[in-house]
Amino acid sequence: MATSYSTKTRPTTNDNIFSQCQQELVAFVSQCVMLRKSMEGDANVKEPTFGMNGLLDETKYTFVSRIHQKIQDTLGPLLDQQLKECAEPVIPLLIDKILSSSQYTQLVNQIANDAMESTAEILDHLPKKNSSNHSQSNSISNSNSNSNSHNGNQNIKFTNCDEQRHDASFSAHSTNTLESWSLGSLSSGVCPGTDDLQTIAVQLQPSHSFPIRLTGAQLLASFSVADLLADEFWPLSKVAIQLALLDSDTQIATIGLKVYARAFKLAPPYMVPEVYISYTHQLCQSFMNGPNLKLGLGLDIRDPRVELRIKQFRLLNQFMIHLPSIWFRFSEQIFKDVMNATAKILKCSLNNGSTTSITALHFLSIVDPNSSWYEKWMISHLGRTQIILALSQSNIIPILADCFIKYSISITKSIQVDETKRDLHLKTDELLVEDVDQNEDGDNTNLINSSDLEYLHFLHITIILSKLTMCSAGRKCFPIKLTETKHFKNILTYFDEVESDSLNLEIFILILIRDITSKAKLLADNNVPELECFRMPRVVSRMIRDLAAADVPCREELFKDTYLSQLLIPVENAIDTNNIGADEQVSLLAIAEALSHIASTDSGRKLILRGEINYRTPQYNSNEALLNNNKNKTLDTIANFVKSNCSNIKQTCFSKKILESYIYFLRQFYRTCEGLLWLSKYQLHISLSHALKQLQDDSKESNQSHQDLDWNISLIDNLLNFGATPKGVMLLYDSGSMEPCVSYMFSSKCEKFGYGTLVSQISTTKPGMQALCKTGWIQYIINDLWKHLECDVKFDETYIDIDDPSIGKIIANVMKLFTTFHGLSSCLEYESHHSNDKGSLTHLIESLIIIEMNRESSLITFEDSHQAGLRIFKHISSCLDSCILLQSRFSFQQSLVREINDSYIFLNTEQPNQEVFITDENSLLCNHILLSTMTMGGPTERKLPPLNLISKNMNQYIFNRYQLPKFIYEDFNPKRNLGNTIQNFDALINTCLDITELQSIFIKQLEQNDIIPVKMVQTIILKFFELLLDNKTCNGLEDMGWLTIKKHSKKNPKISEGVQKCQKLGIIMASRYILLLLPHLNAQEIEKSLEKVLNYCHSMVYSCQEDTIETFSGFDWFSSTVYAIFEGQMTIVLDVLNKFSNYLPSLYVWSQFGSHHFNWIHRGFNNSPTFAHLCHWVEAIAELELPKLISAFTLCGCTPTQMVQKWFRELFWNILDFHEIQSFLLICMLFGIDYQIYYCIAIMNHIQNVILPATRDEKLIYVIHDAQLGKGFSTVKYLPYMHKLRDRHRNMVLPDLKRIESQI
């Protein structure tokens, strides 16, 4: 090697040796120059020393690090000096100077000499190789011939190594192996030759003595695994490794196992199947040729042979688990070979189901009792198709089925075992490849008994067969032809099945379900909790869970009445039991889990509610079965079991965990409207409430145990879920647990999915909102909003992104609470009796909307905070009754008018008094709220101002000086007076003798012009009441719900001034709209007439109230509608209202009348039958007819009741045009009171295309009260749809609506 270099003549012979060094030098100099330039601008920076510190990447390689250090020590000072001398350093020039320096020459020589000396020392310590193979040593010596520092030819020969050297040389557990994936770290680094491998194969022949075989194994282990896996060496090395693994001596076999483990760890993906196939082949050979262990003797893990065999199957299991991650790279033939090799190892030594010896599947069951490898293989379509094909072709499945049948007969019997003689510590953690190098630490006295081996073997087989049922390819394997039918005949007799010699899918699942009651388990110490998961009931429960969650065809196989009946047998037997053992309790718990898994799916719930025959029928309604008093065996059994034990919890013999599980099963039904109808007769809410009160009484006497605390939480949580439906909220209120449940929901640290829907549903009632206020829920939500609006001193924020999703979610949470009138009024009523702190709604309105009252100074920006308040207020004021209440309480309209007027400015122009409106987001929103609350009309009857800039001339849309903009009603045309009547209408009416003829007249007119003139509406209504009073024609009307009701004794209660003020505001609002509909009347006349009508109705509406009415319960929109229909004819209006109040439909259509009579029944609930009946049925039918819509509401934490309740209360004012409202009333009269529900479902179906996109954009809460929501709806278009709903649901809906008549 040359000793010096110049910049002009550089050596080329060794450029490849030092090219990397020169590249590092260039990078080093470049970084130094860049660093120096970056520091020249700062005089205060200490001048650095340009060394290698911080410039070169740190490396873990010691050799490279030392070279870096030498470069730093030698060239660092030289580079510093050159940089100081050069004003503008040029990198190429600096490199030339350094390369031509003596320091660089000295450094290169020193590194080269050190490397050669180290190489010579390594070669001296290597074992010498046979003289027949010295080409490698020649190549090594030739590479160093120029230096003359090392002798050229050396023969490397292998010598026998003792056992200690062997353990240190190729242990896969060495530090280098674990810390590095370097191939060279696994061996001495010596490359094998073909002759070497042939020699080793000869040495490993069984005919040689132990020392020779051991020497061969040690030599094999000393080779690099990468070389052994090379294409030219693999055929020979495979033979040598297989011989080592099959050796009769465990020490040599362990060496072969270690080589396989390292090969598995470091083999490239294309070589993994080769290694796997070779390994499985040798395991099969060892079972078929070697002596087999007797099953009856069990396994003593102190035996080295047993220890080695367990290690072998741990490695096999790791192979199996790893293969799915890489098998997409396999060729088709390789893939089949892998599957066939797996099938072969499963089949080897099974001996057609014989259980006299321990098979390969027994050992695989020990290391992987849950059959994790098989589950991974069955995940992908490719994997499950190929493995099932391999199992079928190898005829393993019938053998496995025979083993399954044989053992399933025995596990149902009690197994008596002397547990003092045996124990099992099963390792269920992940088994690493390196386990084959470790000794089995722990208790060496452990003995795996034959019973445990058989049980684990059975579990593994059961899991394999159960996975076949979860895919189409696996189900084709059934029925399975059995080789032994003796035991199978007993099973068929047990299930009353026809005698057969094949195991079909139904019998297999029945056997699994029967096994859920068995006492089969690992006969180990009962104090080992890790072994509880291997109890047979737990295993079957997991299988049913997987079946229920599988694809649709699989669920079709599982969802049968036969299986449900089999599951219920132990529960039926346990109802009247006073004493039950621990094993039976485990079985009952597993059955509850299995039933819950089935009920967790939509089809599973339908199966339980409707039965196997009907649950696949889309048009079937399970409520018909309920109406016919048909029994639901599953729900009846579980409900009776729960009720009998919860009623007397102190004397029950069942654990609380079991009761919790069965209550949870029932909860999945009473959370839905359909399921609640089935379970309401059992009064579960009363039983759970009684158990809760009993537990709370006991806790006062003594401290609660941990189990009692869990039981308390479970009871409250299950009671809380009654609040998922409107009727369930009423049951929760009747149970007296409303407040504890809301308190638990508020104090719960985790926000469970579904809590948003529960809060929204509960907040629509007065007791629910009061509970939310008392527990602090309202304060928490509003304070959360304040936290985002107020200034944070730490960050000194000056801007709020009001459209940020996080703030938008908080604003939406506030909206959900006050979206209904009952929620808003109850909250304001509660706050009127308590201090209005910062977390109150009153303070929020006064601070962010009515800014003259209380303007907060701690807000980040008032404009953004004001915008948040206006968005909330726009939503809660969209309800007409809420608008009236807010106006009477806060006079918000006057405040908005002042704010809008302040947005006008005068310009200094030639034209005097010219005003310009300053348009921003807040002013536009204020204008929109003001005009939407001061005007009324359907989607085509009025126009509302825009919320953003749409043109330069925005003044036409702005409220100015107490004048409504003309654009609002510029297109208003009362369509109710348009259109022609059908021919001979008067004659048809006069000759109409029954309701059917009147219905046909209505439909004919609707189909002709989709609008019924007002005169025709009046005539039809009067004719309807004429038929209603006629005894000859009233029978048909009674079938549609027109039953007479009992009125309470009339009172004339006092009405407080606050209520009178709200009623006056309501009259003003209604008269504005009626004036548009009746332009021939004047405003004062309409207001006076409306006031008389309302005063007359008070005697009917408030007849069951106390002496004084102090709270505003809503305006009477029904009376106002009737007044508008009959064009202010007072005599006819009062007569119609009086007649209407005598019949049942008045409780549902006339919201004010129904609410006060219903409140008389349910004191304090303060909701009309609209909520408990109409809203409940709307949600119940929507679950069946519009499942996507229901899912959308659930995902957004809203409920349809929040929207529908407003429609019923306000009779679709501001939602539909008035001619559609007339059609709605006529339909409810002519076709039955249940058409109210069908009409709402039709509107929901119409707006579905608006709701679903809003859900996606997380804007649903903004949409449900949108004034344009009903745009485009036509009664005549959806009337056939309503008839279809009637045909499917009337048999259940109408009787439930009639049932309230008996309660009045």
# chains A, B, ... in the order shown; residues from 1 in each chain; ligands from 1
call {"tool": "closest_atom_pairs", "arguments": {"of": "region 1149-1237 of chain A", "to": "region 1265-1281 of chain A", "cutoff": "8 Å", "atoms": "only C-alpha atoms", "output": "Markdown table"}}
result
| residue | atom | partner | partner_atom | distance |
| --- | --- | --- | --- | --- |
| A:Met1203 | CA | A:His1265 | CA | 6.8 |
| A:Asn1214 | CA | A:Ala1267 | CA | 6.2 |
| A:Ile1215 | CA | A:Gly1270 | CA | 5.4 |
| A:Leu1216 | CA | A:Gly1270 | CA | 5.7 |
| A:Glu1220 | CA | A:Thr1275 | CA | 6.6 |
| A:Ser1223 | CA | A:Thr1275 | CA | 7.0 |
| A:Phe1224 | CA | A:Thr1275 | CA | 7.8 |
call {"tool": "atom_distance", "arguments": {"atom1": "CA of Ile1132 (chain A)", "atom2": "CA of Trp1117 (chain A)"}}
result
17.2 Å
call {"tool": "closest_residue", "arguments": {"among": "A:Val814, A:Pro965, A:Glu831, A:Thr861", "to": "Lys774 (chain A)", "atoms": "only C-alpha atoms"}}
result
A:Glu831
call {"tool": "residues_around", "arguments": {"residues": "Asp337 (chain A)", "least_positions_apart": "4", "cutoff": "9 Å", "atoms": "only C-alpha atoms", "output": "PyMOL selection string"}}
result
chain A and resi 273+277+332-333+341-342
call {"tool": "residues_around", "arguments": {"residues": "region 1079-1092 of chain A", "least_positions_apart": "4", "cutoff": "7 Å", "atoms": "only C-alpha atoms", "output": "JSON, numbers by chain"}}
result
{"A": [1067, 1068, 1071, 1075, 1096, 1120]}
call {"tool": "select_by_dssp", "arguments": {"residues": "region 533-629 of chain A", "states": "helix (DSSP H, G or I)", "output": "PyMOL selection string"}}
result
chain A and resi 533-534+536-548+552-558+561-575+582-599+602-610+622-627
call {"tool": "closest_residue", "arguments": {"among": "A:His833, A:Thr933, A:Ser825, A:Leu522", "to": "Arg889 (chain A)", "atoms": "only C-alpha atoms"}}
result
A:Ser825
call {"tool": "residues_around", "arguments": {"residues": "Val367 (chain A)", "least_positions_apart": "2", "cutoff": "7 Å", "atoms": "only C-alpha atoms", "output": "CSV table (one decimal) with C-alpha atoms, in the first residue's frame"}}
result
chain,number,residue,atom,x,y,z
A,313,PHE,CA,-43.9,-27.8,19.4
A,314,ARG,CA,-43.4,-24.3,20.7
A,363,PHE,CA,-48.4,-31.4,22.3
A,364,LEU,CA,-49.7,-28.6,20.0
A,365,SER,CA,-52.7,-28.3,22.4
A,369,PRO,CA,-54.7,-24.5,23.8
call {"tool": "select_by_dssp", "arguments": {"residues": "region 830-1022 of chain A", "states": "strand (DSSP E or B)", "output": "PyMOL selection string"}}
result
chain A and resi 859+904-906+915-917+960+963
call {"tool": "write_last_selection", "arguments": {"atoms": "N, CA, C and O atoms", "output": "PDB file, in the first residue's frame"}}
result
ATOM      1  N   LEU A 859     -64.159  37.602  28.453  1.00  0.00           N
ATOM      2  CA  LEU A 859     -64.216  36.868  27.209  1.00  0.00           C
ATOM      3  C   LEU A 859     -63.002  37.180  26.345  1.00  0.00           C
ATOM      4  O   LEU A 859     -62.480  38.297  26.363  1.00  0.00           O
ATOM      5  N   TYR A 904     -76.771  50.237  11.864  1.00  0.00           N
ATOM      6  CA  TYR A 904     -76.946  51.217  10.789  1.00  0.00           C
ATOM      7  C   TYR A 904     -76.068  52.436  11.062  1.00  0.00           C
ATOM      8  O   TYR A 904     -75.943  52.894  12.201  1.00  0.00           O
ATOM      9  N   ILE A 905     -75.482  52.990  10.016  1.00  0.00           N
ATOM     10  CA  ILE A 905     -74.698  54.218  10.130  1.00  0.00           C
ATOM     11  C   ILE A 905     -75.165  55.178   9.042  1.00  0.00           C
ATOM     12  O   ILE A 905     -75.671  54.779   7.992  1.00  0.00           O
ATOM     13  N   PHE A 906     -74.995  56.493   9.318  1.00  0.00           N
ATOM     14  CA  PHE A 906     -75.349  57.529   8.350  1.00  0.00           C
ATOM     15  C   PHE A 906     -74.102  57.929   7.568  1.00  0.00           C
ATOM     16  O   PHE A 906     -73.018  58.087   8.131  1.00  0.00           O
ATOM     17  N   GLU A 915     -78.877  55.719   5.135  1.00  0.00           N
ATOM     18  CA  GLU A 915     -78.345  54.747   6.090  1.00  0.00           C
ATOM     19  C   GLU A 915     -77.760  53.547   5.350  1.00  0.00           C
ATOM     20  O   GLU A 915     -78.257  53.143   4.310  1.00  0.00           O
ATOM     21  N   VAL A 916     -76.714  53.025   5.953  1.00  0.00           N
ATOM     22  CA  VAL A 916     -76.089  51.813   5.424  1.00  0.00           C
ATOM     23  C   VAL A 916     -75.971  50.811   6.564  1.00  0.00           C
ATOM     24  O   VAL A 916     -75.538  51.166   7.667  1.00  0.00           O
ATOM     25  N   PHE A 917     -76.370  49.565   6.289  1.00  0.00           N
ATOM     26  CA  PHE A 917     -76.307  48.511   7.304  1.00  0.00           C
ATOM     27  C   PHE A 917     -74.925  47.866   7.275  1.00  0.00           C
ATOM     28  O   PHE A 917     -74.452  47.415   6.227  1.00  0.00           O
ATOM     29  N   ASN A 960     -85.838  46.918   9.780  1.00  0.00           N
ATOM     30  CA  ASN A 960     -85.471  48.320   9.965  1.00  0.00           C
ATOM     31  C   ASN A 960     -86.638  49.088  10.557  1.00  0.00           C
ATOM     32  O   ASN A 960     -87.736  49.134   9.983  1.00  0.00           O
ATOM     33  N   GLN A 963     -90.153  47.543  11.050  1.00  0.00           N
ATOM     34  CA  GLN A 963     -90.851  47.231   9.809  1.00  0.00           C
ATOM     35  C   GLN A 963     -90.316  45.903   9.259  1.00  0.00           C
ATOM     36  O   GLN A 963     -89.102  45.727   9.146  1.00  0.00           O
TER      37      GLN A 963
END
call {"tool": "residues_around", "arguments": {"residues": "His928 (chain A)", "least_positions_apart": "6", "cutoff": "9 Å", "atoms": "only C-alpha atoms", "output": "number ranges by chain"}}
result
A: 874, 944-947, 958
call {"tool": "residues_around", "arguments": {"residues": "Arg605 (chain A)", "least_positions_apart": "3", "cutoff": "9 Å", "atoms": "only C-alpha atoms", "output": "list in words"}}
result
Ile598, Ala599, Ser600, Thr601, Asp602, Ile608, Leu609, Arg610, Tyr615, Gln668, Phe669 and Gly675 of chain A
